[in-house]
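Engineer: The structure is given below, and queries will be raised subsequently.
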Amino acid sequence: MQYSKNISVNGLNRLAAMILASSLGASSLTGCSSSTSGSVTDSDRKQLLIVSSEQVNQLSAKSYQDMLAQANAHHALDTDPAMLARLKGIANRIIPQTLMYRKDTAGWPWEVHILKTDELNAAAMPGGKIFFNTGIVERLKLTDDEIATIMGHEIAHAVREHTRERMSQEVAKQAGIGVISNTVGLSDTTVKAINMASHLGLDLPHDRKQESEADTLGLELMARGGYNPQAALTLWNKMQQASQGEPFKFLSNHPATADRITHIQAIIPEVMPLYVQAKQAEERQPTGQPNSTQALPGSIR
Ligand SMILES: [Zn+2]
């Protein structure tokens with residue numbers, strides 16, 4: 001295929017994106033869309049999403065299964081039934097709230113597991129694969145509301161498909177550079193970009209914009225689930241203190257900076273009405289059941 005030298009950079013990038021989208025098996029080019037809608041805090045930013053959800057979710061499911069298998073081999077998987085039940089209880093109140101933002105989460109294969117290790121870490125991988133290390137719960141003596149803050153934040157990353165967005169950005173960047181410099185053929189570049197995205201996989205850190213968005217949407221999710229968003233402040237203060245003692249994984253990509261805390265303080269008044277509403281609904285229906293009238297999406301295994 002011959003390209004005119006007059007094709008604009010944007011045109012080339014679009015072409016690369018289209019070819020990548022088909023190479024990556026995306027059913028349609030969703031270059032400029034939002035993975036969610038309906039946020040009361042304006043968290044539905046448009047995203048570059050040229051890598052398919054399926055590919056990202058497959059990669060993450062594989063990583064998750066490998067991680068669980070490794071933990072199991074070391075007798076470190078789900079060793080504390082009480083803590084696991086507690087985490088699942090919190091997840092079962094937050095996950096239904098994701099339906100407010102996208103309907104397909106009802107079909108996600110959500111899972112919650114705990115890994116017995118002192119390392120302070122927790123995450124929700126793309127597609128709803130959640131884990132908490134026992135260390136983060138025990139050593140920081142987390143309350144349910146504080147656990148809900150972490151869970152809300154991590155689930156927000158998943159529903160906003162931040163990993164998919166970062167992988168899409170990397171693929172577009174790699175392909176764009178290759179095409180424009182014309183040092184390698186497009187097909188070679190495409191293959192390299194795909195390989196690179198696969199290697200980056202789940203280790204790709206979220207950027208600051210995504211972090212801030214996960215904080216915001218996470219507060220919405222926890223508030224709707226009936227957890228007090230004020231707990232985000234005590235949580236991040238605990239994080240800040242913990243970071244002084246030792247470097248730990250969660251804080252390496254979630255710095256408890258003054259900026260983060262200021263941002264959270266600004267969002268809390270916006271989500272408080274959702275919390276008040278959730279508590280009122282809970283009082284009307286004191287069954288101990290999730291305080292949502294919506295069906296629970298999926299089931300937490
Ligand atoms: Zn994060």
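We name chains A, B, ... following the order of the structure tokens; residues begin at 1 in each chain, and ligands are numbered from 1 as shown.
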Give me, as a list in words, the set of residues whose atoms come within 7 Å of any atom of ligand 1, counting only C-alpha atoms and all ligand atoms.

Structural biologist: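 Residues lying within 7 Å of ligand 1: His153, Glu154, His157, His206, Glu211, Ala214, Asn253 and His254 of chain A.
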
Engineer: Can you list, as a VMD selection string, every protein, DNA or RNA residue that comes within 10 Å of region 71-80 of chain A when you count only C-alpha atoms, leaving out same-chain residues fewer than 3 positions away?

Structural biologist: chain A and resid 65 to 68 83 to 85 112 to 117 131 to 134

Engineer: Could those selected residues go to a file with N, CA and C atoms, as a PDB file, in the first residue's frame?

Structural biologist:
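File part.pdb, as written:
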```
ATOM      1  N   GLN A  65      -5.731 -15.348  37.462  1.00  0.00           N
ATOM      2  CA  GLN A  65      -5.709 -16.790  37.741  1.00  0.00           C
ATOM      3  C   GLN A  65      -4.309 -17.244  38.134  1.00  0.00           C
ATOM      4  N   ASP A  66      -3.289 -16.713  37.433  1.00  0.00           N
ATOM      5  CA  ASP A  66      -1.899 -17.068  37.771  1.00  0.00           C
ATOM      6  C   ASP A  66      -1.563 -16.646  39.200  1.00  0.00           C
ATOM      7  N   MET A  67      -2.011 -15.436  39.541  1.00  0.00           N
ATOM      8  CA  MET A  67      -1.726 -14.904  40.873  1.00  0.00           C
ATOM      9  C   MET A  67      -2.411 -15.763  41.951  1.00  0.00           C
ATOM     10  N   LEU A  68      -3.665 -16.141  41.686  1.00  0.00           N
ATOM     11  CA  LEU A  68      -4.395 -16.956  42.657  1.00  0.00           C
ATOM     12  C   LEU A  68      -3.759 -18.339  42.787  1.00  0.00           C
ATOM     13  N   MET A  83     -12.544 -12.548  57.158  1.00  0.00           N
ATOM     14  CA  MET A  83     -12.145 -11.355  56.391  1.00  0.00           C
ATOM     15  C   MET A  83     -12.707 -11.437  54.962  1.00  0.00           C
ATOM     16  N   LEU A  84     -12.674 -12.641  54.388  1.00  0.00           N
ATOM     17  CA  LEU A  84     -13.187 -12.807  53.022  1.00  0.00           C
ATOM     18  C   LEU A  84     -14.678 -12.477  52.972  1.00  0.00           C
ATOM     19  N   ALA A  85     -15.421 -12.960  53.974  1.00  0.00           N
ATOM     20  CA  ALA A  85     -16.867 -12.694  54.019  1.00  0.00           C
ATOM     21  C   ALA A  85     -17.114 -11.191  54.167  1.00  0.00           C
ATOM     22  N   VAL A 112     -13.912 -11.888  44.294  1.00  0.00           N
ATOM     23  CA  VAL A 112     -13.152 -11.267  45.379  1.00  0.00           C
ATOM     24  C   VAL A 112     -12.321 -12.353  46.057  1.00  0.00           C
ATOM     25  N   HIS A 113     -11.045 -12.101  46.226  1.00  0.00           N
ATOM     26  CA  HIS A 113     -10.181 -13.038  46.966  1.00  0.00           C
ATOM     27  C   HIS A 113      -9.248 -12.263  47.879  1.00  0.00           C
ATOM     28  N   ILE A 114      -8.746 -12.974  48.902  1.00  0.00           N
ATOM     29  CA  ILE A 114      -7.721 -12.355  49.752  1.00  0.00           C
ATOM     30  C   ILE A 114      -6.434 -13.168  49.673  1.00  0.00           C
ATOM     31  N   LEU A 115      -5.341 -12.444  49.702  1.00  0.00           N
ATOM     32  CA  LEU A 115      -4.023 -13.071  49.670  1.00  0.00           C
ATOM     33  C   LEU A 115      -3.342 -12.808  51.012  1.00  0.00           C
ATOM     34  N   LYS A 116      -2.854 -13.891  51.635  1.00  0.00           N
ATOM     35  CA  LYS A 116      -2.224 -13.727  52.944  1.00  0.00           C
ATOM     36  C   LYS A 116      -0.791 -13.229  52.767  1.00  0.00           C
ATOM     37  N   THR A 117      -0.621 -11.956  52.932  1.00  0.00           N
ATOM     38  CA  THR A 117       0.710 -11.352  52.881  1.00  0.00           C
ATOM     39  C   THR A 117       0.649 -10.005  53.589  1.00  0.00           C
ATOM     40  N   PHE A 131      -8.834  -8.197  44.442  1.00  0.00           N
ATOM     41  CA  PHE A 131      -8.125  -8.869  45.547  1.00  0.00           C
ATOM     42  C   PHE A 131      -7.666  -7.847  46.570  1.00  0.00           C
ATOM     43  N   PHE A 132      -7.615  -8.302  47.804  1.00  0.00           N
ATOM     44  CA  PHE A 132      -7.050  -7.516  48.900  1.00  0.00           C
ATOM     45  C   PHE A 132      -5.990  -8.383  49.566  1.00  0.00           C
ATOM     46  N   ASN A 133      -4.857  -7.799  49.909  1.00  0.00           N
ATOM     47  CA  ASN A 133      -3.904  -8.492  50.764  1.00  0.00           C
ATOM     48  C   ASN A 133      -4.383  -8.373  52.209  1.00  0.00           C
ATOM     49  N   THR A 134      -4.147  -9.420  52.996  1.00  0.00           N
ATOM     50  CA  THR A 134      -4.566  -9.358  54.408  1.00  0.00           C
ATOM     51  C   THR A 134      -3.850  -8.195  55.110  1.00  0.00           C
TER      52      THR A 134
END
```

Engineer: What's the separation between CA of Gly218 (chain A) and CA of Thr149 (chain A), in Å to one decimal place?

Structural biologist: 6.7 Å

Engineer: What's around Arg208 (chain A) at 12 Å? Count only C-alpha atoms, leave out sequence neighbours fewer than 6 positions away in its own chain, and write the answer as a list of chain:residue names.

Structural biologist: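 Once the nearby chain positions are removed, what remains is A:His162, A:Arg166, A:Ala214, A:Asp215, A:Asn253, A:His254, A:Pro255, A:Thr257, A:Asp259, A:Arg260.
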
Engineer: Using only C-alpha atoms, determine which residues lie at most 9 Å from Asp145 (chain A), disregarding the query and same-chain residues fewer than 5 positions distant; provide the list as a compact mmCIF listing (two decimals) with N, CA and C atoms, in the first residue's frame.

Structural biologist:
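What ended up in result_30.txt:
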```
# COMPACT_ATOMS: atom_id res chain seq x y z
N ILE A 90 -18.95 -6.16 51.47
CA ILE A 90 -18.76 -4.77 51.00
C ILE A 90 -18.86 -4.72 49.48
N ILE A 150 -11.33 2.03 49.26
CA ILE A 150 -10.37 1.36 48.36
C ILE A 150 -11.12 0.59 47.28
N MET A 222 -19.09 4.31 46.50
CA MET A 222 -19.19 3.94 47.92
C MET A 222 -20.40 4.62 48.56
N GLY A 226 -23.91 3.01 50.42
CA GLY A 226 -24.20 3.22 51.84
C GLY A 226 -22.97 3.31 52.72
N TYR A 227 -21.84 3.66 52.15
CA TYR A 227 -20.61 3.83 52.93
C TYR A 227 -20.26 5.31 52.99
N ASN A 228 -19.85 5.73 54.18
CA ASN A 228 -19.61 7.15 54.43
C ASN A 228 -18.37 7.66 53.70
N PRO A 229 -18.55 8.56 52.74
CA PRO A 229 -17.41 9.05 51.96
C PRO A 229 -16.37 9.80 52.79
N GLN A 230 -16.77 10.27 53.98
CA GLN A 230 -15.80 10.93 54.87
C GLN A 230 -14.64 9.99 55.21
N ALA A 231 -14.91 8.68 55.14
CA ALA A 231 -13.87 7.70 55.48
C ALA A 231 -12.69 7.77 54.52
N ALA A 232 -12.93 8.36 53.34
CA ALA A 232 -11.82 8.48 52.38
C ALA A 232 -10.70 9.33 52.99
N LEU A 235 -8.85 7.23 55.57
CA LEU A 235 -8.07 6.22 54.84
C LEU A 235 -6.77 6.82 54.30
```

Engineer: DSSP on the backbone, strand (DSSP E or B) only: what residues of region 49-268 of chain A does that give? Format it as a list in words.

Structural biologist: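 Filtering region 49-268 of chain A down to strand (DSSP E or B) leaves Leu49, Leu77, Glu111, Val112, His113, Ile114, Leu115, Ala122, Ala123, Ala124, Met125, Lys129, Ile130, Phe131, Phe132 and Asn133 of chain A.
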
Engineer: Would you output that residue set with N, CA and C atoms, as a PDB file, in the first residue's frame?

Structural biologist:
```
ATOM      1  N   LEU A  49     -10.243   4.278  23.055  1.00  0.00           N
ATOM      2  CA  LEU A  49     -10.409   2.857  23.397  1.00  0.00           C
ATOM      3  C   LEU A  49     -10.315   2.017  22.127  1.00  0.00           C
ATOM      4  N   LEU A  77      -4.072 -18.400  49.915  1.00  0.00           N
ATOM      5  CA  LEU A  77      -5.288 -17.917  49.246  1.00  0.00           C
ATOM      6  C   LEU A  77      -6.505 -18.088  50.152  1.00  0.00           C
ATOM      7  N   GLU A 111     -15.171 -11.288  40.999  1.00  0.00           N
ATOM      8  CA  GLU A 111     -14.600 -12.199  41.996  1.00  0.00           C
ATOM      9  C   GLU A 111     -13.891 -11.383  43.064  1.00  0.00           C
ATOM     10  N   VAL A 112     -13.912 -11.888  44.294  1.00  0.00           N
ATOM     11  CA  VAL A 112     -13.152 -11.267  45.379  1.00  0.00           C
ATOM     12  C   VAL A 112     -12.321 -12.353  46.057  1.00  0.00           C
ATOM     13  N   HIS A 113     -11.045 -12.101  46.226  1.00  0.00           N
ATOM     14  CA  HIS A 113     -10.181 -13.038  46.966  1.00  0.00           C
ATOM     15  C   HIS A 113      -9.248 -12.263  47.879  1.00  0.00           C
ATOM     16  N   ILE A 114      -8.746 -12.974  48.902  1.00  0.00           N
ATOM     17  CA  ILE A 114      -7.721 -12.355  49.752  1.00  0.00           C
ATOM     18  C   ILE A 114      -6.434 -13.168  49.673  1.00  0.00           C
ATOM     19  N   LEU A 115      -5.341 -12.444  49.702  1.00  0.00           N
ATOM     20  CA  LEU A 115      -4.023 -13.071  49.670  1.00  0.00           C
ATOM     21  C   LEU A 115      -3.342 -12.808  51.012  1.00  0.00           C
ATOM     22  N   ALA A 122      -3.940  -3.834  47.268  1.00  0.00           N
ATOM     23  CA  ALA A 122      -5.293  -4.249  46.880  1.00  0.00           C
ATOM     24  C   ALA A 122      -5.510  -3.735  45.472  1.00  0.00           C
ATOM     25  N   ALA A 123      -6.374  -4.426  44.704  1.00  0.00           N
ATOM     26  CA  ALA A 123      -6.660  -3.957  43.345  1.00  0.00           C
ATOM     27  C   ALA A 123      -7.933  -4.601  42.817  1.00  0.00           C
ATOM     28  N   ALA A 124      -8.521  -3.955  41.821  1.00  0.00           N
ATOM     29  CA  ALA A 124      -9.567  -4.600  41.023  1.00  0.00           C
ATOM     30  C   ALA A 124      -9.054  -4.565  39.598  1.00  0.00           C
ATOM     31  N   MET A 125      -8.862  -5.747  39.036  1.00  0.00           N
ATOM     32  CA  MET A 125      -8.353  -5.821  37.671  1.00  0.00           C
ATOM     33  C   MET A 125      -9.508  -5.597  36.685  1.00  0.00           C
ATOM     34  N   LYS A 129     -12.101  -8.331  38.692  1.00  0.00           N
ATOM     35  CA  LYS A 129     -11.351  -9.307  39.494  1.00  0.00           C
ATOM     36  C   LYS A 129     -10.659  -8.579  40.645  1.00  0.00           C
ATOM     37  N   ILE A 130     -11.231  -8.732  41.848  1.00  0.00           N
ATOM     38  CA  ILE A 130     -10.770  -7.953  42.997  1.00  0.00           C
ATOM     39  C   ILE A 130      -9.889  -8.806  43.921  1.00  0.00           C
ATOM     40  N   PHE A 131      -8.834  -8.197  44.442  1.00  0.00           N
ATOM     41  CA  PHE A 131      -8.125  -8.869  45.547  1.00  0.00           C
ATOM     42  C   PHE A 131      -7.666  -7.847  46.570  1.00  0.00           C
ATOM     43  N   PHE A 132      -7.615  -8.302  47.804  1.00  0.00           N
ATOM     44  CA  PHE A 132      -7.050  -7.516  48.900  1.00  0.00           C
ATOM     45  C   PHE A 132      -5.990  -8.383  49.566  1.00  0.00           C
ATOM     46  N   ASN A 133      -4.857  -7.799  49.909  1.00  0.00           N
ATOM     47  CA  ASN A 133      -3.904  -8.492  50.764  1.00  0.00           C
ATOM     48  C   ASN A 133      -4.383  -8.373  52.209  1.00  0.00           C
TER      49      ASN A 133
END
```

Engineer: From the set A:Ala223, A:Ile95, A:Ile155, A:Ile261, which residue has the shortest atom-to-atom contact distance to Gln277 (chain A), counting only C-alpha atoms?

Structural biologist: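 Comparing A:Ala223, A:Ile95, A:Ile155, A:Ile261 against Gln277 (chain A), the winner is A:Ala223.
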
Engineer: So the first atom is CA of Ser60 (chain A) and the second is CA of Ala156 (chain A); what is the distance between them in Å, to one decimal place?

Structural biologist: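 One can read the CA of Ser60 (chain A) to CA of Ala156 (chain A) distance as 15.9 Å.
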
Engineer: With a distance cut-off of 8 Å and only C-alpha atoms, select the neighbouring residues of Cys32 (chain A), excluding the residue or stretch itself and same-chain residues fewer than 3 positions from it, and output the selection as a list in words.

Structural biologist: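 The contact residues come out as Lys46, Gln47, Leu48 and Leu49 of chain A.
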
Engineer: Nearest to Ser243 (chain A) among A:Ile50, A:Ala256, A:Ala61, A:Val40, with distances taken over only C-alpha atoms: which residue is it?

Structural biologist: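 Using only C-alpha atoms, the shortest distance to Ser243 (chain A) belongs to A:Ala256.
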
Engineer: Determine the nearest neighbour of Gly245 (chain A) from the options A:Leu217, A:Lys141, A:Leu120, A:Pro269, counting only C-alpha atoms.

Structural biologist: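 Looking at the shortest contact to Gly245 (chain A), the residue is A:Leu120.
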
Engineer: Going by DSSP on the backbone, which residues of region 227-266 of chain A come out as alpha helix (DSSP H)? List them as a PyMOL selection string.

Structural biologist: chain A and resi 231-245+249-253+258-266

Engineer: Mind pulling up the distance from CA of Gln244 (chain A) to CA of Ala158 (chain A)?

Structural biologist: 28.5 Å
